[in-house]
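Take a look at the structure set out below.
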Amino acid sequence: MGEGPATIGIIANPVSARDIRRVVANASNLQIADRVNIVLRVLTAVHSLGVNRVLMMPDRGGIRAMLSRHLGRERNLHHQFPAVEFLDMEPISTVDDTFQAARLLQASGVAAIVVLGGDGTHRAVVRELMNGDTGIPIAGLSTGTNNAFPEMRESTLTGMAVALHATGMIAPEYALAPNKLIEVSINEGQRHDIALVDAVISHERHIGARALWKTESLHSLYLTFADPEAIGLSAIGGMLQPVGRRDPGGLAVHLADDGASAGVLLRAPIAPGMLRDVPIAHWEPMPAGQAFTVPLQGGVVALDGEREMPFDAGDRVRVTLRENAFSTVDVARCLHTAAHMGLLRHPSQPHRRHPSWQATRSP
Amino acid sequence: MAGNPFPLSKAELLKAYRTMRTIREFEERLHVDFGRGDIPGFVHLYAGEEAAAAGIMIHLGDGDRIASTHRGHGHCIAKGVDVGEMMLEIYGKKGGSCNGKGGSMHIADLSKGMMGANGILGAGAPLVCGAALAAKYRKKGEVAISFVGDGASNQGTFLESLNLAAVWNLPAIFVVENNGYAESTSRDYGVAVDSYVDRAAGFGLPGITVDGTDFFAVYEAAGEIIRRAREGGGPSLLECKMVRFHGHFEGDAQTYRGPGELDDIRANHDCLKKFAAQVTAAGVISADELAPIDREALAVVEDAVARAKAAPLPTVADLTTDVYVSY
Ligand SMILES: Cc1ncc(C[n+]2csc(CCOP(=O)(O)OP(=O)(O)O)c2C)c(N)n1
Ligand SMILES: [Mg+2]
């Protein structure tokens, strides 16, 4: 583990948190200007801990344009930033941009990818990384609507943790954490996708405006983790039977057709500002590797909050939980480790300061 | 197949397709006729953007009002303006929607709630505030919708209207048709904050961004926004990301486009193809049921052109009519 020229990637989705939930549920909207500020804070943080090059996804949603203007101003002010290069790709303003960026970042061998977006953006990045199997970790920053997967955290701190990992100051066994995911397969893999938090089966059968918020249409939920502190459909599981992000197994929740036939009527925060009564028939643990067959004849599978995979009667839909599927930078652990090991202390006399003081203190 | 998965009946789906196909045929025909020098003035074609007009207007009645843009043919057709009268108008002939004195950028039909295409960017938004204020007083649950391009959204009139609509809690809806260009200027160079939802948020209005080439995405988002406005929930903004198939105006050489851009949008972002693929894949409508609509839309347009070519021009005496309104 050495210093090496540390490079990280950033994928910042300009269009997360723009969907219909702003109108049906007062969900918030993180403005482009704030997303750019978040990126700028990541850049300064990683640079001051030794990351000198950052590769970024270009976009046609305003982040690249505004960030470029900002970086020009910051340069005029002689502020310190890593070299920022936009990936050589032509953005088309769909999720394909995220796939392509993840692919290019993977090929360029970055040490980690910082992702700004909601559950959906993170899912897209992970889906692409799984194809490459290089084990590049991601560090998520929540800028979406339903944010069960990425953390709500000051981006400076996430940037620091990413740099501690990327520069080798903290070894992977301390810096990274394993995550679960759910695989969805229709007709033995004819169609195939993943969810990081929830694969939800709905009676609705078209994709439309994508977000899923009508609880009367829900049929069942398959959850990698169920956190009572989470917002979104996974909160239904969180309020029934919490399962931690790092615990083994997941949770399957089966809904009843109506309140009368329900074993439990549960009130849960299924979207920001939206608590709904959900009739629950029963719930059960989801052991890793065991395929669950969806009994519904025709519907849509929503992945991490968005309607994605419509299916017809006769289509065979199976969901399977996988453990240790991909890794994330464990920001809390990195920062605690840095404190514990004194990684960010350095000699107070300027003449004794070694330019690569970081590397001399790796664990 | 287990029934219709869409939130519209089969008849409504066919109607939406007919609207989009009629707009497409109308615009593709104007592209040809303008090139031949048959049409006076200027035309800006809506081809490629049909799903937005159709997905929004299908929620409206004649009592709901819209104000359109310089690229207004699609809005007119979707709002129910007579295609024959539109063609007469564009050809500058008597009997047109405005008796041939307005042309492409000034088609209006108040009986259909179409307050007019508009050659002045950003001019529709204040008109819509007025119409929405009237609707608010009439208390019949009517709404007013302003269409604006990504470029025109930089106009002060548009931003002032967002403010006014918010302060007065008007049943006004602002649709930003974001096709990526204002004439030849990419929005990267012309729009400081390239998110219209952000702009709306600056005035405390909720906003939604949708794929404007997906009829069903537009339909669902517009439905919620319009329902909210009808019920007194006030103004909102809907950003439709879309593509324009032709130049800014007819005759535009489009040297500002990227290599392969036009081929790509026609191949992969054609809202009509997407719609047809979705409804046929779901087994709700067969290709054989769409084909006659294609033929009929073409026939309607051909008939409109033939009649427009044959119709007389306005006379000198017509110059002084329709100048003042008597109350
Ligand atoms: C007030 C005003 N300024 C300038 C123009 C000239 N003009 C006509 S269309 C256009 C670009 C409009 O772009 P956008 O609003 O994105 O609409 P689009 O053409 O892309 O549909 C301009 C600058 C005008 N008609 N009105
Ligand atoms: Mg435009």
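Identifiers in this document derive from the order of the structure tokens: chains are assigned A, B, ..., residues are numbered from 1 separately in each chain, and ligands are numbered from 1 in order of occurrence.
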Hey, which residues come within 7 Å of ligand 1 if we count only C-alpha atoms and all ligand atoms? Could you give them as number ranges by chain? B: 70-71, 119-122, 148-153, 177-183, 248
Using DSSP secondary structure from the backbone, list all alpha helix (DSSP H) positions within region 55-240 of chain A, as a PDB file with N, CA and C atoms, in the first residue's frame.
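Below is the file that was written, part.pdb:
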ATOM      1  N   ILE A  63     -24.677  20.519 -14.399  1.00  0.00           N
ATOM      2  CA  ILE A  63     -23.607  20.402 -13.400  1.00  0.00           C
ATOM      3  C   ILE A  63     -22.245  20.714 -14.026  1.00  0.00           C
ATOM      4  N   ARG A  64     -21.966  20.084 -15.163  1.00  0.00           N
ATOM      5  CA  ARG A  64     -20.667  20.348 -15.794  1.00  0.00           C
ATOM      6  C   ARG A  64     -20.512  21.836 -16.120  1.00  0.00           C
ATOM      7  N   ALA A  65     -21.561  22.396 -16.698  1.00  0.00           N
ATOM      8  CA  ALA A  65     -21.456  23.799 -17.116  1.00  0.00           C
ATOM      9  C   ALA A  65     -21.199  24.699 -15.910  1.00  0.00           C
ATOM     10  N   MET A  66     -21.943  24.480 -14.832  1.00  0.00           N
ATOM     11  CA  MET A  66     -21.776  25.360 -13.676  1.00  0.00           C
ATOM     12  C   MET A  66     -20.458  25.080 -12.951  1.00  0.00           C
ATOM     13  N   LEU A  67     -20.106  23.786 -12.841  1.00  0.00           N
ATOM     14  CA  LEU A  67     -18.850  23.439 -12.169  1.00  0.00           C
ATOM     15  C   LEU A  67     -17.666  24.048 -12.914  1.00  0.00           C
ATOM     16  N   SER A  68     -17.712  24.005 -14.242  1.00  0.00           N
ATOM     17  CA  SER A  68     -16.606  24.568 -15.024  1.00  0.00           C
ATOM     18  C   SER A  68     -16.476  26.066 -14.764  1.00  0.00           C
ATOM     19  N   ARG A  69     -17.608  26.743 -14.688  1.00  0.00           N
ATOM     20  CA  ARG A  69     -17.544  28.178 -14.386  1.00  0.00           C
ATOM     21  C   ARG A  69     -16.921  28.403 -13.000  1.00  0.00           C
ATOM     22  N   HIS A  70     -17.355  27.577 -12.032  1.00  0.00           N
ATOM     23  CA  HIS A  70     -16.831  27.725 -10.669  1.00  0.00           C
ATOM     24  C   HIS A  70     -15.336  27.451 -10.613  1.00  0.00           C
ATOM     25  N   LEU A  71     -14.905  26.365 -11.281  1.00  0.00           N
ATOM     26  CA  LEU A  71     -13.487  26.011 -11.209  1.00  0.00           C
ATOM     27  C   LEU A  71     -12.640  27.116 -11.822  1.00  0.00           C
ATOM     28  N   GLY A  72     -13.161  27.750 -12.872  1.00  0.00           N
ATOM     29  CA  GLY A  72     -12.458  28.885 -13.467  1.00  0.00           C
ATOM     30  C   GLY A  72     -12.289  30.007 -12.442  1.00  0.00           C
ATOM     31  N   ARG A  73     -13.352  30.287 -11.720  1.00  0.00           N
ATOM     32  CA  ARG A  73     -13.266  31.351 -10.706  1.00  0.00           C
ATOM     33  C   ARG A  73     -12.305  30.961  -9.595  1.00  0.00           C
ATOM     34  N   GLU A  74     -12.397  29.693  -9.157  1.00  0.00           N
ATOM     35  CA  GLU A  74     -11.538  29.239  -8.063  1.00  0.00           C
ATOM     36  C   GLU A  74     -10.065  29.315  -8.467  1.00  0.00           C
ATOM     37  N   ARG A  75      -9.790  28.993  -9.745  1.00  0.00           N
ATOM     38  CA  ARG A  75      -8.410  29.083 -10.229  1.00  0.00           C
ATOM     39  C   ARG A  75      -7.918  30.523 -10.164  1.00  0.00           C
ATOM     40  N   ASN A  76      -8.796  31.446 -10.574  1.00  0.00           N
ATOM     41  CA  ASN A  76      -8.413  32.863 -10.509  1.00  0.00           C
ATOM     42  C   ASN A  76      -8.089  33.271  -9.075  1.00  0.00           C
ATOM     43  N   VAL A  95     -30.376   7.529 -18.019  1.00  0.00           N
ATOM     44  CA  VAL A  95     -29.596   6.723 -17.085  1.00  0.00           C
ATOM     45  C   VAL A  95     -28.395   6.088 -17.794  1.00  0.00           C
ATOM     46  N   ASP A  96     -28.454   6.024 -19.121  1.00  0.00           N
ATOM     47  CA  ASP A  96     -27.309   5.476 -19.868  1.00  0.00           C
ATOM     48  C   ASP A  96     -26.037   6.279 -19.611  1.00  0.00           C
ATOM     49  N   ASP A  97     -26.180   7.565 -19.327  1.00  0.00           N
ATOM     50  CA  ASP A  97     -24.994   8.367 -18.992  1.00  0.00           C
ATOM     51  C   ASP A  97     -24.294   7.786 -17.771  1.00  0.00           C
ATOM     52  N   THR A  98     -25.098   7.440 -16.769  1.00  0.00           N
ATOM     53  CA  THR A  98     -24.528   6.885 -15.542  1.00  0.00           C
ATOM     54  C   THR A  98     -23.848   5.550 -15.822  1.00  0.00           C
ATOM     55  N   PHE A  99     -24.510   4.713 -16.627  1.00  0.00           N
ATOM     56  CA  PHE A  99     -23.898   3.419 -16.967  1.00  0.00           C
ATOM     57  C   PHE A  99     -22.559   3.641 -17.672  1.00  0.00           C
ATOM     58  N   GLN A 100     -22.591   4.533 -18.658  1.00  0.00           N
ATOM     59  CA  GLN A 100     -21.373   4.730 -19.447  1.00  0.00           C
ATOM     60  C   GLN A 100     -20.251   5.308 -18.589  1.00  0.00           C
ATOM     61  N   ALA A 101     -20.608   6.251 -17.728  1.00  0.00           N
ATOM     62  CA  ALA A 101     -19.585   6.866 -16.870  1.00  0.00           C
ATOM     63  C   ALA A 101     -18.988   5.818 -15.935  1.00  0.00           C
ATOM     64  N   ALA A 102     -19.842   4.969 -15.366  1.00  0.00           N
ATOM     65  CA  ALA A 102     -19.330   3.936 -14.453  1.00  0.00           C
ATOM     66  C   ALA A 102     -18.395   2.993 -15.204  1.00  0.00           C
ATOM     67  N   ARG A 103     -18.772   2.703 -16.451  1.00  0.00           N
ATOM     68  CA  ARG A 103     -17.936   1.814 -17.268  1.00  0.00           C
ATOM     69  C   ARG A 103     -16.572   2.458 -17.519  1.00  0.00           C
ATOM     70  N   LEU A 104     -16.578   3.722 -17.907  1.00  0.00           N
ATOM     71  CA  LEU A 104     -15.315   4.402 -18.218  1.00  0.00           C
ATOM     72  C   LEU A 104     -14.455   4.562 -16.962  1.00  0.00           C
ATOM     73  N   LEU A 105     -15.100   4.874 -15.845  1.00  0.00           N
ATOM     74  CA  LEU A 105     -14.339   5.040 -14.603  1.00  0.00           C
ATOM     75  C   LEU A 105     -13.697   3.719 -14.207  1.00  0.00           C
ATOM     76  N   GLN A 106     -14.466   2.667 -14.386  1.00  0.00           N
ATOM     77  CA  GLN A 106     -13.960   1.343 -14.063  1.00  0.00           C
ATOM     78  C   GLN A 106     -12.739   1.027 -14.923  1.00  0.00           C
ATOM     79  N   ALA A 107     -12.844   1.334 -16.215  1.00  0.00           N
ATOM     80  CA  ALA A 107     -11.732   1.046 -17.131  1.00  0.00           C
ATOM     81  C   ALA A 107     -10.510   1.887 -16.787  1.00  0.00           C
ATOM     82  N   ASP A 119     -31.386   6.763  -4.466  1.00  0.00           N
ATOM     83  CA  ASP A 119     -31.230   5.312  -4.549  1.00  0.00           C
ATOM     84  C   ASP A 119     -31.090   4.863  -5.997  1.00  0.00           C
ATOM     85  N   GLY A 120     -31.852   5.499  -6.882  1.00  0.00           N
ATOM     86  CA  GLY A 120     -31.856   5.090  -8.290  1.00  0.00           C
ATOM     87  C   GLY A 120     -30.497   5.283  -8.951  1.00  0.00           C
ATOM     88  N   THR A 121     -29.855   6.406  -8.685  1.00  0.00           N
ATOM     89  CA  THR A 121     -28.552   6.680  -9.290  1.00  0.00           C
ATOM     90  C   THR A 121     -27.516   5.677  -8.785  1.00  0.00           C
ATOM     91  N   HIS A 122     -27.563   5.428  -7.485  1.00  0.00           N
ATOM     92  CA  HIS A 122     -26.608   4.477  -6.914  1.00  0.00           C
ATOM     93  C   HIS A 122     -26.810   3.087  -7.499  1.00  0.00           C
ATOM     94  N   ARG A 123     -28.062   2.746  -7.685  1.00  0.00           N
ATOM     95  CA  ARG A 123     -28.373   1.444  -8.267  1.00  0.00           C
ATOM     96  C   ARG A 123     -27.755   1.334  -9.663  1.00  0.00           C
ATOM     97  N   ALA A 124     -27.890   2.405 -10.453  1.00  0.00           N
ATOM     98  CA  ALA A 124     -27.361   2.362 -11.825  1.00  0.00           C
ATOM     99  C   ALA A 124     -25.839   2.182 -11.802  1.00  0.00           C
ATOM    100  N   VAL A 125     -25.168   2.880 -10.907  1.00  0.00           N
ATOM    101  CA  VAL A 125     -23.706   2.763 -10.832  1.00  0.00           C
ATOM    102  C   VAL A 125     -23.318   1.337 -10.442  1.00  0.00           C
ATOM    103  N   VAL A 126     -23.974   0.828  -9.425  1.00  0.00           N
ATOM    104  CA  VAL A 126     -23.621  -0.517  -8.955  1.00  0.00           C
ATOM    105  C   VAL A 126     -23.903  -1.547 -10.043  1.00  0.00           C
ATOM    106  N   ARG A 127     -25.033  -1.378 -10.742  1.00  0.00           N
ATOM    107  CA  ARG A 127     -25.379  -2.345 -11.785  1.00  0.00           C
ATOM    108  C   ARG A 127     -24.265  -2.431 -12.820  1.00  0.00           C
ATOM    109  N   GLU A 128     -23.741  -1.280 -13.184  1.00  0.00           N
ATOM    110  CA  GLU A 128     -22.676  -1.277 -14.185  1.00  0.00           C
ATOM    111  C   GLU A 128     -21.382  -1.857 -13.610  1.00  0.00           C
ATOM    112  N   LEU A 129     -21.070  -1.492 -12.368  1.00  0.00           N
ATOM    113  CA  LEU A 129     -19.821  -1.977 -11.770  1.00  0.00           C
ATOM    114  C   LEU A 129     -19.839  -3.495 -11.622  1.00  0.00           C
ATOM    115  N   MET A 130     -21.037  -4.042 -11.364  1.00  0.00           N
ATOM    116  CA  MET A 130     -21.142  -5.497 -11.204  1.00  0.00           C
ATOM    117  C   MET A 130     -20.711  -6.206 -12.485  1.00  0.00           C
ATOM    118  N   ASN A 131     -20.999  -5.587 -13.655  1.00  0.00           N
ATOM    119  CA  ASN A 131     -20.612  -6.209 -14.922  1.00  0.00           C
ATOM    120  C   ASN A 131     -19.101  -6.327 -15.036  1.00  0.00           C
ATOM    121  N   GLY A 132     -18.397  -5.311 -14.485  1.00  0.00           N
ATOM    122  CA  GLY A 132     -16.946  -5.285 -14.653  1.00  0.00           C
ATOM    123  C   GLY A 132     -16.226  -6.093 -13.604  1.00  0.00           C
ATOM    124  N   SER A 155     -20.555  16.452   2.637  1.00  0.00           N
ATOM    125  CA  SER A 155     -19.731  15.860   1.579  1.00  0.00           C
ATOM    126  C   SER A 155     -18.236  16.020   1.828  1.00  0.00           C
ATOM    127  N   THR A 156     -17.845  17.019   2.603  1.00  0.00           N
ATOM    128  CA  THR A 156     -16.425  17.178   2.952  1.00  0.00           C
ATOM    129  C   THR A 156     -15.927  15.912   3.647  1.00  0.00           C
ATOM    130  N   LEU A 157     -16.755  15.374   4.550  1.00  0.00           N
ATOM    131  CA  LEU A 157     -16.354  14.201   5.324  1.00  0.00           C
ATOM    132  C   LEU A 157     -16.307  12.963   4.431  1.00  0.00           C
ATOM    133  N   THR A 158     -17.279  12.843   3.545  1.00  0.00           N
ATOM    134  CA  THR A 158     -17.256  11.727   2.609  1.00  0.00           C
ATOM    135  C   THR A 158     -16.010  11.831   1.735  1.00  0.00           C
ATOM    136  N   GLY A 159     -15.701  13.038   1.288  1.00  0.00           N
ATOM    137  CA  GLY A 159     -14.503  13.244   0.479  1.00  0.00           C
ATOM    138  C   GLY A 159     -13.251  12.832   1.245  1.00  0.00           C
ATOM    139  N   MET A 160     -13.174  13.192   2.516  1.00  0.00           N
ATOM    140  CA  MET A 160     -12.003  12.815   3.324  1.00  0.00           C
ATOM    141  C   MET A 160     -11.862  11.301   3.408  1.00  0.00           C
ATOM    142  N   ALA A 161     -12.982  10.624   3.680  1.00  0.00           N
ATOM    143  CA  ALA A 161     -12.930   9.161   3.811  1.00  0.00           C
ATOM    144  C   ALA A 161     -12.488   8.529   2.497  1.00  0.00           C
ATOM    145  N   VAL A 162     -13.014   9.045   1.398  1.00  0.00           N
ATOM    146  CA  VAL A 162     -12.647   8.503   0.085  1.00  0.00           C
ATOM    147  C   VAL A 162     -11.152   8.702  -0.157  1.00  0.00           C
ATOM    148  N   ALA A 163     -10.642   9.864   0.215  1.00  0.00           N
ATOM    149  CA  ALA A 163      -9.215  10.123   0.014  1.00  0.00           C
ATOM    150  C   ALA A 163      -8.369   9.216   0.907  1.00  0.00           C
ATOM    151  N   LEU A 164      -8.800   9.001   2.139  1.00  0.00           N
ATOM    152  CA  LEU A 164      -8.040   8.126   3.037  1.00  0.00           C
ATOM    153  C   LEU A 164      -7.923   6.725   2.442  1.00  0.00           C
ATOM    154  N   HIS A 165      -9.007   6.287   1.788  1.00  0.00           N
ATOM    155  CA  HIS A 165      -8.962   4.978   1.122  1.00  0.00           C
ATOM    156  C   HIS A 165      -8.131   5.058  -0.166  1.00  0.00           C
ATOM    157  N   ALA A 166      -8.402   6.084  -0.975  1.00  0.00           N
ATOM    158  CA  ALA A 166      -7.785   6.140  -2.308  1.00  0.00           C
ATOM    159  C   ALA A 166      -6.271   6.284  -2.238  1.00  0.00           C
ATOM    160  N   PRO A 172      -7.941  -1.350   2.756  1.00  0.00           N
ATOM    161  CA  PRO A 172      -9.320  -1.690   2.372  1.00  0.00           C
ATOM    162  C   PRO A 172     -10.084  -2.447   3.448  1.00  0.00           C
ATOM    163  N   GLU A 173      -9.396  -3.309   4.178  1.00  0.00           N
ATOM    164  CA  GLU A 173     -10.155  -4.086   5.170  1.00  0.00           C
ATOM    165  C   GLU A 173     -10.747  -3.204   6.266  1.00  0.00           C
ATOM    166  N   TYR A 174     -10.194  -2.000   6.422  1.00  0.00           N
ATOM    167  CA  TYR A 174     -10.784  -1.056   7.376  1.00  0.00           C
ATOM    168  C   TYR A 174     -11.707  -0.060   6.685  1.00  0.00           C
ATOM    169  N   ALA A 175     -11.317   0.302   5.451  1.00  0.00           N
ATOM    170  CA  ALA A 175     -12.011   1.417   4.795  1.00  0.00           C
ATOM    171  C   ALA A 175     -13.321   1.008   4.140  1.00  0.00           C
ATOM    172  N   SER A 234     -39.124   1.032   1.661  1.00  0.00           N
ATOM    173  CA  SER A 234     -38.458   0.106   2.588  1.00  0.00           C
ATOM    174  C   SER A 234     -38.812   0.414   4.037  1.00  0.00           C
ATOM    175  N   ALA A 235     -39.337   1.624   4.276  1.00  0.00           N
ATOM    176  CA  ALA A 235     -39.747   1.974   5.644  1.00  0.00           C
ATOM    177  C   ALA A 235     -40.873   1.066   6.128  1.00  0.00           C
ATOM    178  N   ILE A 236     -41.624   0.490   5.175  1.00  0.00           N
ATOM    179  CA  ILE A 236     -42.688  -0.447   5.569  1.00  0.00           C
ATOM    180  C   ILE A 236     -42.051  -1.617   6.321  1.00  0.00           C
ATOM    181  N   GLY A 237     -40.970  -2.165   5.756  1.00  0.00           N
ATOM    182  CA  GLY A 237     -40.246  -3.229   6.445  1.00  0.00           C
ATOM    183  C   GLY A 237     -39.586  -2.719   7.715  1.00  0.00           C
ATOM    184  N   GLY A 238     -39.043  -1.517   7.626  1.00  0.00           N
ATOM    185  CA  GLY A 238     -38.359  -0.938   8.781  1.00  0.00           C
ATOM    186  C   GLY A 238     -39.265  -0.838   9.994  1.00  0.00           C
ATOM    187  N   MET A 239     -40.523  -0.539   9.761  1.00  0.00           N
ATOM    188  CA  MET A 239     -41.456  -0.400  10.867  1.00  0.00           C
ATOM    189  C   MET A 239     -42.016  -1.743  11.333  1.00  0.00           C
ATOM    190  N   LEU A 240     -41.879  -2.769  10.482  1.00  0.00           N
ATOM    191  CA  LEU A 240     -42.387  -4.095  10.860  1.00  0.00           C
ATOM    192  C   LEU A 240     -41.327  -4.908  11.577  1.00  0.00           C
TER     193      LEU A 240
END
Write out as number ranges by chain which residues come within 12 Å of Ala281 (chain B) when counting only C-alpha atoms, dropping same-chain ones fewer than 2 positions away. A: 206, 310-312; B: 1, 4-6, 273-279, 283-287
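Straight-line separation from CA of Ala125 (chain B) to CA of Ala172 (chain B): 9.1 Å.
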Would you kindly report the residues of chain A within 8 Å of chain B, using only C-alpha atoms, as a list in words?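 Result, ordered by chain then number: Val15, Arg18, Asp19, Ile20, Arg22, Val23, Val24, Asn26, Asn29, Leu30, Gln31, Ile32, Ala33, Arg60, Gly61, Gly62, Ala65, Met66, Glu204, Arg205, His206, Ile207, Gly208, Ala209, Arg210, Gly298, Asp312 and Ala313 of chain A.
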Dump of N, CA and C atoms for the selected residues, as an mmCIF file, in the first residue's frame:
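To be explicit, this is the file written out as part-v2.cif:
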data_model
loop_
_atom_site.group_PDB
_atom_site.id
_atom_site.type_symbol
_atom_site.label_atom_id
_atom_site.label_comp_id
_atom_site.auth_asym_id
_atom_site.auth_seq_id
_atom_site.Cartn_x
_atom_site.Cartn_y
_atom_site.Cartn_z
ATOM 1 N N VAL A 15 -30.335 14.961 -12.553
ATOM 2 C CA VAL A 15 -31.801 14.862 -12.610
ATOM 3 C C VAL A 15 -32.416 14.028 -11.496
ATOM 4 N N ARG A 18 -36.238 15.026 -9.122
ATOM 5 C CA ARG A 18 -36.967 15.919 -10.015
ATOM 6 C C ARG A 18 -38.326 15.313 -10.360
ATOM 7 N N ASP A 19 -38.668 14.203 -9.723
ATOM 8 C CA ASP A 19 -39.832 13.466 -10.206
ATOM 9 C C ASP A 19 -41.123 13.954 -9.555
ATOM 10 N N ILE A 20 -42.159 13.226 -9.836
ATOM 11 C CA ILE A 20 -43.531 13.608 -9.511
ATOM 12 C C ILE A 20 -43.761 13.761 -8.002
ATOM 13 N N ARG A 22 -42.386 15.636 -6.036
ATOM 14 C CA ARG A 22 -42.384 17.037 -5.622
ATOM 15 C C ARG A 22 -43.798 17.622 -5.654
ATOM 16 N N VAL A 23 -44.627 17.051 -6.522
ATOM 17 C CA VAL A 23 -45.990 17.569 -6.631
ATOM 18 C C VAL A 23 -46.960 16.769 -5.775
ATOM 19 N N VAL A 24 -46.764 15.459 -5.690
ATOM 20 C CA VAL A 24 -47.715 14.681 -4.898
ATOM 21 C C VAL A 24 -47.344 14.630 -3.416
ATOM 22 N N ASN A 26 -44.633 17.059 -1.716
ATOM 23 C CA ASN A 26 -43.731 18.094 -1.207
ATOM 24 C C ASN A 26 -42.305 17.606 -0.976
ATOM 25 N N ASN A 29 -36.080 19.337 -3.401
ATOM 26 C CA ASN A 29 -35.406 19.348 -4.688
ATOM 27 C C ASN A 29 -34.059 19.976 -4.446
ATOM 28 N N LEU A 30 -33.014 19.190 -4.532
ATOM 29 C CA LEU A 30 -31.698 19.770 -4.307
ATOM 30 C C LEU A 30 -31.264 20.465 -5.589
ATOM 31 N N GLN A 31 -31.049 21.757 -5.488
ATOM 32 C CA GLN A 31 -30.811 22.538 -6.688
ATOM 33 C C GLN A 31 -29.435 22.231 -7.296
ATOM 34 N N ILE A 32 -29.348 22.458 -8.590
ATOM 35 C CA ILE A 32 -28.092 22.233 -9.302
ATOM 36 C C ILE A 32 -26.964 22.999 -8.615
ATOM 37 N N ALA A 33 -27.248 24.223 -8.212
ATOM 38 C CA ALA A 33 -26.209 25.039 -7.578
ATOM 39 C C ALA A 33 -25.685 24.353 -6.318
ATOM 40 N N ARG A 60 -25.648 16.877 -19.339
ATOM 41 C CA ARG A 60 -26.302 17.972 -20.047
ATOM 42 C C ARG A 60 -27.368 18.569 -19.140
ATOM 43 N N GLY A 61 -27.204 18.416 -17.847
ATOM 44 C CA GLY A 61 -28.221 18.898 -16.916
ATOM 45 C C GLY A 61 -27.750 20.081 -16.107
ATOM 46 N N GLY A 62 -26.592 20.619 -16.444
ATOM 47 C CA GLY A 62 -26.172 21.856 -15.811
ATOM 48 C C GLY A 62 -25.013 21.740 -14.829
ATOM 49 N N ALA A 65 -21.561 22.396 -16.698
ATOM 50 C CA ALA A 65 -21.456 23.799 -17.116
ATOM 51 C C ALA A 65 -21.199 24.699 -15.910
ATOM 52 N N MET A 66 -21.943 24.480 -14.832
ATOM 53 C CA MET A 66 -21.776 25.360 -13.676
ATOM 54 C C MET A 66 -20.458 25.080 -12.951
ATOM 55 N N GLU A 204 -49.749 -2.007 -10.589
ATOM 56 C CA GLU A 204 -49.688 -1.104 -11.741
ATOM 57 C C GLU A 204 -48.878 -1.803 -12.823
ATOM 58 N N ARG A 205 -49.206 -1.520 -14.086
ATOM 59 C CA ARG A 205 -48.488 -2.290 -15.099
ATOM 60 C C ARG A 205 -47.830 -1.421 -16.141
ATOM 61 N N HIS A 206 -47.655 -0.172 -15.842
ATOM 62 C CA HIS A 206 -46.903 0.621 -16.808
ATOM 63 C C HIS A 206 -45.919 1.501 -16.041
ATOM 64 N N ILE A 207 -44.990 2.092 -16.768
ATOM 65 C CA ILE A 207 -43.885 2.796 -16.132
ATOM 66 C C ILE A 207 -44.215 4.261 -15.902
ATOM 67 N N GLY A 208 -44.849 4.900 -16.859
ATOM 68 C CA GLY A 208 -45.327 6.272 -16.694
ATOM 69 C C GLY A 208 -44.277 7.198 -16.129
ATOM 70 N N ALA A 209 -44.626 7.894 -15.049
ATOM 71 C CA ALA A 209 -43.706 8.862 -14.459
ATOM 72 C C ALA A 209 -42.732 8.195 -13.479
ATOM 73 N N ARG A 210 -42.652 6.895 -13.491
ATOM 74 C CA ARG A 210 -41.660 6.065 -12.799
ATOM 75 C C ARG A 210 -41.843 5.923 -11.290
ATOM 76 N N GLY A 298 -48.942 -10.468 -13.667
ATOM 77 C CA GLY A 298 -48.997 -9.175 -14.362
ATOM 78 C C GLY A 298 -48.872 -8.018 -13.392
ATOM 79 N N ASP A 312 -46.049 -9.527 -17.569
ATOM 80 C CA ASP A 312 -47.386 -10.010 -17.899
ATOM 81 C C ASP A 312 -47.696 -11.287 -17.142
ATOM 82 N N ALA A 313 -48.964 -11.666 -17.203
ATOM 83 C CA ALA A 313 -49.354 -12.974 -16.682
ATOM 84 C C ALA A 313 -48.524 -14.003 -17.446
#
